[in-house]
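Chemist: Handing over entry_0.cif, mmCIF, C-alpha atoms.
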data_model
loop_
_atom_site.group_PDB
_atom_site.id
_atom_site.type_symbol
_atom_site.label_atom_id
_atom_site.label_comp_id
_atom_site.auth_asym_id
_atom_site.auth_seq_id
_atom_site.Cartn_x
_atom_site.Cartn_y
_atom_site.Cartn_z
ATOM 1 C CA MET O 1 58.625 9.047 200.966
ATOM 2 C CA LEU O 2 60.619 8.182 197.849
ATOM 3 C CA ASP O 3 57.402 7.272 196.057
ATOM 4 C CA ASN O 4 56.164 10.822 196.590
ATOM 5 C CA LEU O 5 59.499 12.256 195.480
ATOM 6 C CA LYS O 6 59.325 10.174 192.325
ATOM 7 C CA ALA O 7 55.691 11.147 191.702
ATOM 8 C CA ALA O 8 56.509 14.832 192.207
ATOM 9 C CA THR O 9 59.401 14.581 189.755
ATOM 10 C CA PHE O 10 57.343 12.864 187.093
ATOM 11 C CA GLU O 11 54.483 15.345 187.436
ATOM 12 C CA VAL O 12 56.710 18.412 187.225
ATOM 13 C CA LEU O 13 58.958 17.259 184.397
ATOM 14 C CA GLU O 14 56.119 15.946 182.281
ATOM 15 C CA THR O 15 53.727 18.864 182.789
ATOM 16 C CA MET O 16 56.049 21.835 182.450
ATOM 17 C CA PHE O 17 59.218 20.612 180.795
ATOM 18 C CA PHE O 18 57.815 17.970 178.435
ATOM 19 C CA VAL O 19 60.443 15.364 179.273
ATOM 20 C CA PHE O 20 59.439 11.892 180.385
ATOM 21 C CA PRO O 21 61.631 10.150 182.949
ATOM 22 C CA GLU O 22 61.479 6.420 183.461
ATOM 23 C CA ASN O 23 62.896 3.997 185.950
ATOM 24 C CA LEU O 24 65.719 2.080 184.381
ATOM 25 C CA GLU O 25 68.231 -0.197 186.063
ATOM 26 C CA GLU O 26 70.936 0.960 183.674
ATOM 27 C CA ALA O 27 70.448 4.632 184.637
ATOM 28 C CA SER O 28 73.599 4.664 186.777
ATOM 29 C CA GLY O 29 75.667 4.298 183.595
ATOM 30 C CA MET O 30 73.998 7.225 181.850
ATOM 31 C CA PHE O 31 75.703 10.159 183.564
ATOM 32 C CA HIS O 32 78.407 11.568 181.320
ATOM 33 C CA GLY O 33 79.928 14.915 180.400
ATOM 34 C CA PRO O 34 79.153 18.303 181.857
ATOM 35 C CA GLY O 35 76.146 18.490 184.147
ATOM 36 C CA LEU O 36 74.141 20.705 186.424
ATOM 37 C CA ARG O 37 72.951 20.119 189.952
ATOM 38 C CA ALA O 38 70.185 22.320 191.360
ATOM 39 C CA TRP O 39 68.623 22.041 194.767
ATOM 40 C CA VAL O 40 66.282 23.780 197.140
ATOM 41 C CA PRO O 41 67.225 24.033 200.815
ATOM 42 C CA VAL O 42 64.298 23.314 203.120
ATOM 43 C CA ALA O 43 64.436 25.128 206.451
ATOM 44 C CA GLY O 44 62.548 24.000 209.520
ATOM 45 C CA PRO O 45 62.969 21.927 212.676
ATOM 46 C CA GLN O 46 65.285 19.788 210.543
ATOM 47 C CA ARG O 47 67.151 21.005 207.490
ATOM 48 C CA PHE O 48 67.339 19.105 204.245
ATOM 49 C CA ARG O 49 67.604 19.751 200.546
ATOM 50 C CA ILE O 50 65.783 18.420 197.526
ATOM 51 C CA GLY O 51 67.345 18.562 194.095
ATOM 52 C CA LEU O 52 68.135 17.262 190.657
ATOM 53 C CA THR O 53 71.340 16.387 188.832
ATOM 54 C CA LEU O 54 71.305 16.072 185.080
ATOM 55 C CA PRO O 55 73.508 16.326 182.012
ATOM 56 C CA LEU O 56 73.714 19.729 180.372
ATOM 57 C CA SER O 57 72.158 18.288 177.225
ATOM 58 C CA LEU O 58 68.984 17.403 179.122
ATOM 59 C CA ALA O 59 69.021 20.745 180.937
ATOM 60 C CA ARG O 60 69.113 22.533 177.585
ATOM 61 C CA GLU O 61 66.287 20.410 176.232
ATOM 62 C CA MET O 62 64.180 21.259 179.270
ATOM 63 C CA ALA O 63 64.956 24.954 178.850
ATOM 64 C CA VAL O 64 63.960 24.854 175.176
ATOM 65 C CA ASN O 65 60.664 23.209 176.082
ATOM 66 C CA PHE O 66 60.002 25.491 179.038
ATOM 67 C CA LEU O 67 60.831 28.815 177.414
ATOM 68 C CA GLY O 68 59.931 28.001 173.836
ATOM 69 C CA LEU O 69 63.267 29.267 172.539
ATOM 70 C CA GLU O 70 65.657 27.740 170.036
ATOM 71 C CA LYS O 71 68.539 25.831 171.611
ATOM 72 C CA ASP O 72 71.115 28.216 170.148
ATOM 73 C CA ASP O 73 69.320 31.243 171.591
ATOM 74 C CA LEU O 74 69.560 30.021 175.184
ATOM 75 C CA THR O 75 72.065 31.586 177.539
ATOM 76 C CA PRO O 76 73.804 29.478 180.201
ATOM 77 C CA GLN O 77 72.024 31.596 182.824
ATOM 78 C CA GLN O 78 68.630 30.737 181.373
ATOM 79 C CA VAL O 79 69.464 27.035 181.398
ATOM 80 C CA GLU O 80 70.574 27.246 185.022
ATOM 81 C CA ASP O 81 67.436 29.192 185.965
ATOM 82 C CA VAL O 82 65.216 26.605 184.341
ATOM 83 C CA VAL O 83 66.851 23.728 186.217
ATOM 84 C CA LYS O 84 66.574 25.708 189.469
ATOM 85 C CA GLU O 85 62.897 26.267 188.765
ATOM 86 C CA ALA O 86 62.449 22.557 188.098
ATOM 87 C CA ALA O 87 64.074 21.732 191.442
ATOM 88 C CA ASN O 88 61.866 24.325 193.129
ATOM 89 C CA MET O 89 58.716 22.806 191.670
ATOM 90 C CA VAL O 90 59.747 19.245 192.544
ATOM 91 C CA ALA O 91 60.498 20.310 196.124
ATOM 92 C CA GLY O 92 57.231 22.201 196.554
ATOM 93 C CA ASN O 93 55.231 19.416 195.015
ATOM 94 C CA PHE O 94 56.953 16.878 197.260
ATOM 95 C CA LEU O 95 56.259 18.877 200.445
ATOM 96 C CA SER O 96 52.583 19.070 199.478
ATOM 97 C CA LYS O 97 52.352 15.367 198.729
ATOM 98 C CA GLU O 98 54.018 14.561 202.051
ATOM 99 C CA GLU O 99 51.844 17.133 203.847
ATOM 100 C CA VAL O 100 54.941 18.436 205.573
ATOM 101 C CA PRO O 101 54.016 20.906 208.373
ATOM 102 C CA ALA O 102 54.059 24.625 207.587
ATOM 103 C CA ALA O 103 57.081 25.031 209.856
ATOM 104 C CA TYR O 104 59.114 23.787 206.910
ATOM 105 C CA ASN O 105 59.770 26.334 204.189
ATOM 106 C CA LEU O 106 61.521 26.368 200.855
ATOM 107 C CA GLU O 107 64.514 28.649 200.451
ATOM 108 C CA PRO O 108 65.752 30.054 197.123
ATOM 109 C CA PRO O 109 67.202 27.391 194.829
ATOM 110 C CA GLN O 110 70.916 27.034 194.239
ATOM 111 C CA ALA O 111 72.902 25.384 191.470
ATOM 112 C CA LEU O 112 76.387 24.334 190.479
ATOM 113 C CA GLY O 113 78.014 22.848 187.415
ATOM 114 C CA LEU O 114 79.823 19.536 187.703
ATOM 115 C CA ASP O 115 81.605 16.850 185.725
ATOM 116 C CA LEU O 116 79.259 13.883 185.754
ATOM 117 C CA ASP O 117 82.032 11.430 184.870
ATOM 118 C CA ALA O 118 83.872 12.340 188.064
ATOM 119 C CA GLN O 119 80.971 11.281 190.312
ATOM 120 C CA ALA O 120 79.835 7.864 191.508
ATOM 121 C CA TRP O 121 76.225 7.096 190.627
ATOM 122 C CA GLN O 122 74.302 4.673 192.771
ATOM 123 C CA GLU O 123 70.667 4.586 193.736
ATOM 124 C CA ASN O 124 69.954 4.398 197.468
ATOM 125 C CA SER O 125 67.311 5.448 199.987
ATOM 126 C CA HIS O 126 67.922 9.150 199.319
ATOM 127 C CA HIS O 127 68.980 9.232 195.684
ATOM 128 C CA LEU O 128 66.769 8.130 192.814
ATOM 129 C CA LEU O 129 68.314 7.444 189.434
ATOM 130 C CA MET O 130 66.137 7.659 186.351
ATOM 131 C CA ALA O 131 66.599 7.875 182.610
ATOM 132 C CA VAL O 132 65.281 10.386 180.136
ATOM 133 C CA GLU O 133 65.788 8.723 176.778
ATOM 134 C CA ASP O 134 69.514 7.907 176.810
ATOM 135 C CA VAL O 135 70.740 10.182 179.612
ATOM 136 C CA GLY O 136 70.551 9.967 183.398
ATOM 137 C CA LEU O 137 68.610 12.064 185.883
ATOM 138 C CA GLU O 138 69.216 12.008 189.628
ATOM 139 C CA VAL O 139 66.676 13.214 192.182
ATOM 140 C CA PHE O 140 67.804 13.481 195.757
ATOM 141 C CA LEU O 141 66.606 14.271 199.231
ATOM 142 C CA GLU O 142 69.443 14.816 201.688
ATOM 143 C CA LYS O 143 69.669 15.974 205.269
ATOM 144 C CA THR O 144 71.887 19.007 205.729
ATOM 145 C CA LYS O 145 73.312 20.821 208.743
ATOM 146 C CA MET T 1 39.240 45.607 178.292
ATOM 147 C CA ALA T 2 42.997 45.263 178.590
ATOM 148 C CA TYR T 3 44.265 44.391 182.041
ATOM 149 C CA ASN T 4 47.443 45.772 183.536
ATOM 150 C CA VAL T 5 49.166 42.849 185.230
ATOM 151 C CA LEU T 6 51.987 42.791 187.748
ATOM 152 C CA ILE T 7 53.967 39.527 187.769
ATOM 153 C CA VAL T 8 56.003 38.992 190.932
ATOM 154 C CA ASP T 9 58.539 36.172 191.020
ATOM 155 C CA ASP T 10 62.200 36.045 191.962
ATOM 156 C CA SER T 11 62.909 33.974 188.859
ATOM 157 C CA ALA T 12 63.137 36.031 185.664
ATOM 158 C CA THR T 13 62.649 32.792 183.772
ATOM 159 C CA MET T 14 59.370 32.126 185.540
ATOM 160 C CA ARG T 15 58.178 35.684 184.940
ATOM 161 C CA ALA T 16 58.885 35.291 181.232
ATOM 162 C CA LEU T 17 56.975 32.022 181.178
ATOM 163 C CA ILE T 18 53.942 33.471 182.959
ATOM 164 C CA ARG T 19 53.868 36.421 180.571
ATOM 165 C CA LYS T 20 53.980 34.000 177.646
ATOM 166 C CA VAL T 21 51.260 31.782 179.090
ATOM 167 C CA LEU T 22 49.004 34.802 179.579
ATOM 168 C CA THR T 23 49.357 35.537 175.895
ATOM 169 C CA ILE T 24 48.750 31.899 174.945
ATOM 170 C CA ALA T 25 45.677 31.919 177.169
ATOM 171 C CA GLY T 26 44.269 34.786 175.132
ATOM 172 C CA PHE T 27 44.450 37.184 178.041
ATOM 173 C CA ASP T 28 43.887 40.806 177.028
ATOM 174 C CA LEU T 29 47.165 42.083 178.354
ATOM 175 C CA GLY T 30 47.702 45.805 178.740
ATOM 176 C CA GLU T 31 50.788 46.904 180.614
ATOM 177 C CA CYS T 32 52.739 43.908 181.939
ATOM 178 C CA LEU T 33 54.983 44.838 184.844
ATOM 179 C CA GLU T 34 57.491 42.577 186.546
ATOM 180 C CA ALA T 35 58.986 42.523 190.020
ATOM 181 C CA GLY T 36 61.520 40.208 191.646
ATOM 182 C CA ASN T 37 60.040 40.366 195.135
ATOM 183 C CA GLY T 38 57.297 41.989 197.187
ATOM 184 C CA ARG T 39 59.237 45.174 197.811
ATOM 185 C CA GLU T 40 59.738 45.808 194.101
ATOM 186 C CA ALA T 41 56.068 45.007 193.550
ATOM 187 C CA LEU T 42 54.982 47.674 196.038
ATOM 188 C CA ALA T 43 57.183 50.204 194.239
ATOM 189 C CA HIS T 44 55.398 49.394 190.971
ATOM 190 C CA LEU T 45 52.017 49.733 192.671
ATOM 191 C CA GLU T 46 53.020 53.242 193.765
ATOM 192 C CA ASP T 47 53.689 54.239 190.152
ATOM 193 C CA TYR T 48 51.187 52.348 187.997
ATOM 194 C CA TRP T 49 47.549 51.335 187.909
ATOM 195 C CA VAL T 50 47.455 47.560 188.221
ATOM 196 C CA ASP T 51 44.353 45.416 187.661
ATOM 197 C CA LEU T 52 45.739 42.042 188.695
ATOM 198 C CA VAL T 53 48.733 40.767 190.651
ATOM 199 C CA LEU T 54 50.153 37.314 189.935
ATOM 200 C CA SER T 55 52.685 36.534 192.617
ATOM 201 C CA ASP T 56 54.961 33.780 193.804
ATOM 202 C CA LEU T 57 54.901 33.016 197.515
ATOM 203 C CA HIS T 58 58.479 32.168 198.410
ATOM 204 C CA MET T 59 60.749 35.095 197.507
ATOM 205 C CA PRO T 60 63.705 36.829 199.158
ATOM 206 C CA GLU T 61 63.452 40.246 200.859
ATOM 207 C CA MET T 62 59.649 40.396 200.885
ATOM 208 C CA ASN T 63 57.647 37.243 200.190
ATOM 209 C CA GLY T 64 54.212 36.915 198.648
ATOM 210 C CA LEU T 65 52.448 36.712 201.981
ATOM 211 C CA GLN T 66 54.012 39.968 203.157
ATOM 212 C CA LEU T 67 53.121 41.578 199.834
ATOM 213 C CA VAL T 68 49.486 40.558 200.205
ATOM 214 C CA GLU T 69 49.391 41.868 203.779
ATOM 215 C CA ALA T 70 50.819 45.223 202.676
ATOM 216 C CA MET T 71 48.346 45.483 199.808
ATOM 217 C CA ARG T 72 45.354 44.717 201.999
ATOM 218 C CA ARG T 73 46.347 47.492 204.415
ATOM 219 C CA HIS T 74 46.558 50.099 201.647
ATOM 220 C CA HIS T 75 43.359 51.938 200.714
ATOM 221 C CA LEU T 76 44.177 52.004 196.982
ATOM 222 C CA TRP T 77 45.468 48.467 196.636
ATOM 223 C CA GLN T 78 43.184 46.474 198.897
ATOM 224 C CA GLN T 79 40.712 45.717 196.092
ATOM 225 C CA ILE T 80 43.270 44.559 193.528
ATOM 226 C CA PRO T 81 42.864 40.806 192.974
ATOM 227 C CA VAL T 82 45.900 38.720 193.857
ATOM 228 C CA VAL T 83 46.445 35.212 192.518
ATOM 229 C CA LEU T 84 49.430 33.283 193.810
ATOM 230 C CA ILE T 85 51.369 31.125 191.367
ATOM 231 C CA THR T 86 53.397 28.912 193.606
ATOM 232 C CA THR T 87 54.811 25.486 194.335
ATOM 233 C CA GLU T 88 53.080 25.775 197.704
ATOM 234 C CA SER T 89 49.748 24.023 198.065
ATOM 235 C CA ARG T 90 49.748 22.853 201.673
ATOM 236 C CA GLN T 91 46.268 23.567 202.976
ATOM 237 C CA GLU T 92 47.692 24.653 206.318
ATOM 238 C CA ILE T 93 49.211 27.641 204.494
ATOM 239 C CA MET T 94 46.790 28.309 201.650
ATOM 240 C CA ALA T 95 43.411 27.864 203.367
ATOM 241 C CA PRO T 96 43.761 30.831 205.771
ATOM 242 C CA LEU T 97 44.887 33.057 202.900
ATOM 243 C CA LEU T 98 41.836 32.161 200.850
ATOM 244 C CA ALA T 99 39.400 32.265 203.759
ATOM 245 C CA GLY T 100 40.601 35.664 204.927
ATOM 246 C CA GLY T 101 40.231 37.230 201.485
ATOM 247 C CA GLY T 102 43.947 37.981 201.264
ATOM 248 C CA ILE T 103 44.130 36.278 197.903
ATOM 249 C CA GLN T 104 41.485 35.500 195.325
ATOM 250 C CA GLY T 105 43.010 32.192 194.306
ATOM 251 C CA TYR T 106 46.182 30.266 193.659
ATOM 252 C CA ILE T 107 47.675 28.268 190.824
ATOM 253 C CA ARG T 108 49.959 25.455 191.771
ATOM 254 C CA LYS T 109 53.172 24.891 189.848
ATOM 255 C CA PRO T 110 53.417 22.837 187.705
ATOM 256 C CA PHE T 111 50.551 24.313 185.743
ATOM 257 C CA ARG T 112 49.106 24.152 182.248
ATOM 258 C CA PRO T 113 47.869 27.203 180.305
ATOM 259 C CA GLU T 114 44.339 25.926 180.914
ATOM 260 C CA ASP T 115 44.901 26.205 184.669
ATOM 261 C CA ILE T 116 45.771 29.886 184.302
ATOM 262 C CA ARG T 117 42.823 30.478 182.032
ATOM 263 C CA GLU T 118 40.331 28.801 184.373
ATOM 264 C CA LYS T 119 41.613 30.586 187.460
ATOM 265 C CA LEU T 120 41.592 34.025 185.854
ATOM 266 C CA HIS T 121 38.136 33.346 184.520
ATOM 267 C CA THR T 122 37.012 32.609 188.069
ATOM 268 C CA VAL T 123 38.715 35.671 189.508
ATOM 269 C CA LEU T 124 38.004 38.246 186.812
ATOM 270 C CA GLY T 125 34.744 36.904 185.431
ATOM 271 C CA GLU T 126 33.593 36.497 181.863
ATOM 272 C CA ALA T 127 34.865 39.808 180.551
ATOM 273 C CA TRP T 128 38.284 38.677 179.442
ATOM 274 C CA LEU T 129 37.414 35.112 178.461
ATOM 275 C CA PRO T 130 39.036 34.325 175.104
ATOM 276 C CA ASP T 131 37.649 32.198 172.352
ATOM 277 C CA ALA T 132 38.057 28.609 173.504
ATOM 278 C CA ARG T 133 39.351 27.628 170.063
ATOM 279 C CA GLN T 134 42.567 29.505 170.818
ATOM 280 C CA PHE T 135 43.310 26.754 173.298
ATOM 281 C CA GLU T 136 42.992 23.748 171.119
ATOM 282 C CA GLY T 137 46.289 21.954 170.844
ATOM 283 C CA CYS T 138 48.255 24.776 172.399
ATOM 284 C CA ASP T 139 51.318 24.197 174.494
ATOM 285 C CA PHE T 140 54.037 26.358 175.912
#
Would you mind giving the structure from this file in structure tokens?
Modeler:
Amino acid sequence: MLDNLKAATFEVLETMFFVFPENLEEASGMFHGPGLRAWVPVAGPQRFRIGLTLPLSLAREMAVNFLGLEKDDLTPQQVEDVVKEAANMVAGNFLSKEEVPAAYNLEPPQALGLDLDAQAWQENSHHLLMAVEDVGLEVFLEKTK
Amino acid sequence: MAYNVLIVDDSATMRALIRKVLTIAGFDLGECLEAGNGREALAHLEDYWVDLVLSDLHMPEMNGLQLVEAMRRHHLWQQIPVVLITTESRQEIMAPLLAGGGIQGYIRKPFRPEDIREKLHTVLGEAWLPDARQFEGCDF
């Protein structure tokens, strides 16, 4: 399952956002400063969510690449929307790769800002940690109530 | 011939991107209308002549599937081609839509400008096809 999540993430970020994640053991030490977390709730017989956490600097770079705007012209709302859209694409791509039954549906993405230094970063069976150049990127798949 | 296009997506960011990609793809864009969900799209269809609808599937209030159903029931809108641009590509969902003629095609996100170009070429035919040189080395 995590292989498909990783493949979905790579495909989406490389194709539409022109950033290139890589697996790096040191990724857990690359989460610093202000960040954004965006996720897509998945409704169905079981509920879960699929999302991304990343530093604001990477979010802005993705928004520049996605929208073709200058960094200084971006609004915070645009940056948030772009990260939500990235989470939406990763989630949809993952469901297709997993051939999840049609009873499961994506709900509108959500996002929040957070201080990355205040979080613990550890890869496990539901959280993948990657690096994009010198900053961290988390992809997660979590059960929810 | 310039085509009037209705872009339906709950993300304003995505709508802006699709509009931009249409231009990059050399699409002869006439009026470009935008709607945040199916209900807003139907309101636009009441007021404007639209040649092509590009719609997301998962949206609040009225989703893409409900929009397509409403269009196919309406005598003026049932012939307007609809192409879904969506993260959804599960065959269980997409195959019945294609087989039943509800939609003329779909483009899976993530997509490249070439994907849009090829799909619209298939749906609309040769008439709008731009000079292929416009595509060389292009990106978003």
Chemist: Go ahead and compute the interatomic distance for CA of Tyr3 (chain T) and CA of Leu98 (chain T), in Å to one decimal.
Modeler: 22.6 Å
Chemist: Just the residues within 10 Å of Ser11 (chain T), please, counting all atoms listed in the file, with nothing from its chain fewer than 4 positions along; format it as number ranges by chain.
Modeler: O: 78, 81-82, 84-85, 108-109; T: 15-17, 35-37, 56, 59
Chemist: If you measure from CA of Thr13 (chain T) to CA of Met130 (chain O), what distance in Å do you get, rounded to one decimal?
Modeler: 25.5 Å
Chemist: Name the residues in contact with Met94 (chain T) at a cut-off of 12 Å, using only C-alpha atoms, excluding same-chain residues fewer than 3 positions from it; report them as a PyMOL selection string.
Modeler: (chain O and resi 96+102) or (chain T and resi 57+64-65+83-91+97-108)
Chemist: Grab the residues selected above and save them as a tab-separated table (two decimals), keeping the file's coordinate frame with C-alpha atoms.
Modeler:
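Wrote it out as result00.tsv, contents follow:
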chain	number	residue	atom	x	y	z
O	96	SER	CA	52.58	19.07	199.48
O	102	ALA	CA	54.06	24.62	207.59
T	57	LEU	CA	54.90	33.02	197.52
T	64	GLY	CA	54.21	36.92	198.65
T	65	LEU	CA	52.45	36.71	201.98
T	83	VAL	CA	46.44	35.21	192.52
T	84	LEU	CA	49.43	33.28	193.81
T	85	ILE	CA	51.37	31.12	191.37
T	86	THR	CA	53.40	28.91	193.61
T	87	THR	CA	54.81	25.49	194.34
T	88	GLU	CA	53.08	25.78	197.70
T	89	SER	CA	49.75	24.02	198.06
T	90	ARG	CA	49.75	22.85	201.67
T	91	GLN	CA	46.27	23.57	202.98
T	97	LEU	CA	44.89	33.06	202.90
T	98	LEU	CA	41.84	32.16	200.85
T	99	ALA	CA	39.40	32.26	203.76
T	100	GLY	CA	40.60	35.66	204.93
T	101	GLY	CA	40.23	37.23	201.48
T	102	GLY	CA	43.95	37.98	201.26
T	103	ILE	CA	44.13	36.28	197.90
T	104	GLN	CA	41.48	35.50	195.32
T	105	GLY	CA	43.01	32.19	194.31
T	106	TYR	CA	46.18	30.27	193.66
T	107	ILE	CA	47.68	28.27	190.82
T	108	ARG	CA	49.96	25.46	191.77
Chemist: Identify which of the residues O:Gln119, O:Leu112, O:Leu106, O:Leu129 lies closest to Val42 (chain O), counting all atoms listed in the file when measuring atom-to-atom distances.
Modeler: O:Leu106
Chemist: With distances taken over all atoms listed in the file, which of O:Ala59, O:Met16, O:Ile50, O:Val135 is nearest to chain T?
Modeler: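 Checking each of O:Ala59, O:Met16, O:Ile50, O:Val135 against chain T, counting all atoms listed in the file, the winner is O:Met16.
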Chemist: Measure the distance from CA of Asn4 (chain T) to CA of Met89 (chain O) in Å and round it to one decimal.
Modeler: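 If I compute the distance from CA of Asn4 (chain T) to CA of Met89 (chain O), I get 26.8 Å.
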Chemist: For Glu31 (chain T), work out the shell of residues within 10 Å, counting all atoms listed in the file and skipping chain neighbours fewer than 5 positions away, then give it as a short mmCIF file (atom, residue, chain, number, x, y, z; two decimals) with C-alpha atoms, keeping the file's coordinate frame.
Modeler:
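Writing done, so here's result19.cif:
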data_model
loop_
_atom_site.label_atom_id
_atom_site.label_comp_id
_atom_site.auth_asym_id
_atom_site.auth_seq_id
_atom_site.Cartn_x
_atom_site.Cartn_y
_atom_site.Cartn_z
CA ALA T 2 43.00 45.26 178.59
CA TYR T 3 44.26 44.39 182.04
CA ASN T 4 47.44 45.77 183.54
CA VAL T 5 49.17 42.85 185.23
CA LEU T 6 51.99 42.79 187.75
CA TYR T 48 51.19 52.35 188.00
CA TRP T 49 47.55 51.34 187.91
CA VAL T 50 47.46 47.56 188.22
CA ASP T 51 44.35 45.42 187.66
#
Chemist: Which residues of chain O come within 12 Å of chain T, and what is each one's closest atom pair and distance in Å (one decimal), counting only C-alpha atoms, sorted by chain and residue number, as a Markdown table?
Modeler:
| residue | atom | partner | partner_atom | distance |
| --- | --- | --- | --- | --- |
| O:Ala8 | CA | T:Pro110 | CA | 9.7 |
| O:Thr9 | CA | T:Pro110 | CA | 10.4 |
| O:Phe10 | CA | T:Pro110 | CA | 10.7 |
| O:Glu11 | CA | T:Pro110 | CA | 7.6 |
| O:Val12 | CA | T:Pro110 | CA | 5.5 |
| O:Leu13 | CA | T:Pro110 | CA | 8.5 |
| O:Glu14 | CA | T:Pro110 | CA | 9.2 |
| O:Thr15 | CA | T:Pro110 | CA | 6.3 |
| O:Met16 | CA | T:Pro110 | CA | 6.0 |
| O:Phe17 | CA | T:Phe140 | CA | 9.1 |
| O:Phe18 | CA | T:Phe140 | CA | 9.5 |
| O:Val40 | CA | T:His58 | CA | 11.5 |
| O:Val42 | CA | T:His58 | CA | 11.6 |
| O:Met62 | CA | T:Phe140 | CA | 11.8 |
| O:Ala63 | CA | T:Thr13 | CA | 9.5 |
| O:Val64 | CA | T:Phe140 | CA | 10.1 |
| O:Asn65 | CA | T:Phe140 | CA | 7.3 |
| O:Phe66 | CA | T:Phe140 | CA | 6.8 |
| O:Leu67 | CA | T:Leu17 | CA | 6.3 |
| O:Gly68 | CA | T:Phe140 | CA | 6.5 |
| O:Leu69 | CA | T:Phe140 | CA | 10.2 |
| O:Leu74 | CA | T:Thr13 | CA | 11.4 |
| O:Thr75 | CA | T:Thr13 | CA | 11.4 |
| O:Gln77 | CA | T:Thr13 | CA | 9.5 |
| O:Gln78 | CA | T:Thr13 | CA | 6.8 |
| O:Val79 | CA | T:Thr13 | CA | 9.2 |
| O:Glu80 | CA | T:Thr13 | CA | 9.8 |
| O:Asp81 | CA | T:Thr13 | CA | 6.4 |
| O:Val82 | CA | T:Thr13 | CA | 6.7 |
| O:Val83 | CA | T:Thr13 | CA | 10.3 |
| O:Lys84 | CA | T:Ser11 | CA | 9.1 |
| O:Glu85 | CA | T:Met14 | CA | 7.6 |
| O:Ala86 | CA | T:Pro110 | CA | 9.0 |
| O:Ala87 | CA | T:Thr87 | CA | 10.4 |
| O:Asn88 | CA | T:Thr87 | CA | 7.3 |
| O:Met89 | CA | T:Thr87 | CA | 5.4 |
| O:Val90 | CA | T:Thr87 | CA | 8.2 |
| O:Ala91 | CA | T:Thr87 | CA | 7.9 |
| O:Gly92 | CA | T:Thr87 | CA | 4.6 |
| O:Asn93 | CA | T:Thr87 | CA | 6.1 |
| O:Phe94 | CA | T:Thr87 | CA | 9.3 |
| O:Leu95 | CA | T:Arg90 | CA | 7.7 |
| O:Ser96 | CA | T:Arg90 | CA | 5.2 |
| O:Lys97 | CA | T:Arg90 | CA | 8.5 |
| O:Glu98 | CA | T:Arg90 | CA | 9.3 |
| O:Glu99 | CA | T:Arg90 | CA | 6.5 |
| O:Val100 | CA | T:Arg90 | CA | 7.9 |
| O:Pro101 | CA | T:Glu92 | CA | 7.6 |
| O:Ala102 | CA | T:Glu92 | CA | 6.5 |
| O:Ala103 | CA | T:Ile93 | CA | 9.9 |
| O:Tyr104 | CA | T:Arg90 | CA | 10.8 |
| O:Asn105 | CA | T:His58 | CA | 8.3 |
| O:Leu106 | CA | T:His58 | CA | 7.0 |
| O:Glu107 | CA | T:His58 | CA | 7.3 |
| O:Pro108 | CA | T:Met59 | CA | 7.1 |
| O:Pro109 | CA | T:Ser11 | CA | 9.9 |
| O:Gln110 | CA | T:Ser11 | CA | 11.9 |
Chemist: Going by the chain IDs and residue numbers used in this file, which residues fall under the PyMOL selection byres ((chain T and resi 68) around 9)? Write them as a list in words.
Modeler: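 Written out, the selection comes to Gly38, Asn63, Gly64, Leu65, Gln66, Leu67, Glu69, Ala70, Met71, Arg72, Arg73, Gln78, Val82, Gly102 and Ile103 of chain T.
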Chemist: Go ahead and dump the residues you just picked, C-alpha atoms, as an mmCIF file, in the frame of the given file.
Modeler:
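Here's the written file again-v8.cif:
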data_model
loop_
_atom_site.group_PDB
_atom_site.id
_atom_site.type_symbol
_atom_site.label_atom_id
_atom_site.label_comp_id
_atom_site.auth_asym_id
_atom_site.auth_seq_id
_atom_site.Cartn_x
_atom_site.Cartn_y
_atom_site.Cartn_z
ATOM 1 C CA GLY T 38 57.297 41.989 197.187
ATOM 2 C CA ASN T 63 57.647 37.243 200.190
ATOM 3 C CA GLY T 64 54.212 36.915 198.648
ATOM 4 C CA LEU T 65 52.448 36.712 201.981
ATOM 5 C CA GLN T 66 54.012 39.968 203.157
ATOM 6 C CA LEU T 67 53.121 41.578 199.834
ATOM 7 C CA GLU T 69 49.391 41.868 203.779
ATOM 8 C CA ALA T 70 50.819 45.223 202.676
ATOM 9 C CA MET T 71 48.346 45.483 199.808
ATOM 10 C CA ARG T 72 45.354 44.717 201.999
ATOM 11 C CA ARG T 73 46.347 47.492 204.415
ATOM 12 C CA GLN T 78 43.184 46.474 198.897
ATOM 13 C CA VAL T 82 45.900 38.720 193.857
ATOM 14 C CA GLY T 102 43.947 37.981 201.264
ATOM 15 C CA ILE T 103 44.130 36.278 197.903
#
Chemist: Find the spatial neighbours of Glu142 (chain O), counting only C-alpha atoms, within a cut-off of 7 Å - ignore same-chain residues fewer than 6 positions away - and output them as a list in words.
Modeler: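 Using only C-alpha atoms, the neighbours found are Phe48, Arg49, Ile50 and His126 of chain O.
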Chemist: Could you spell out the hits of the PyMOL selection byres ((chain T and resi 120) around 10) on the shown file, as a VMD selection string?
Modeler: chain T and resid 22 25 27 52 81 83 104 to 107 114 to 119 121 to 126 128 to 129
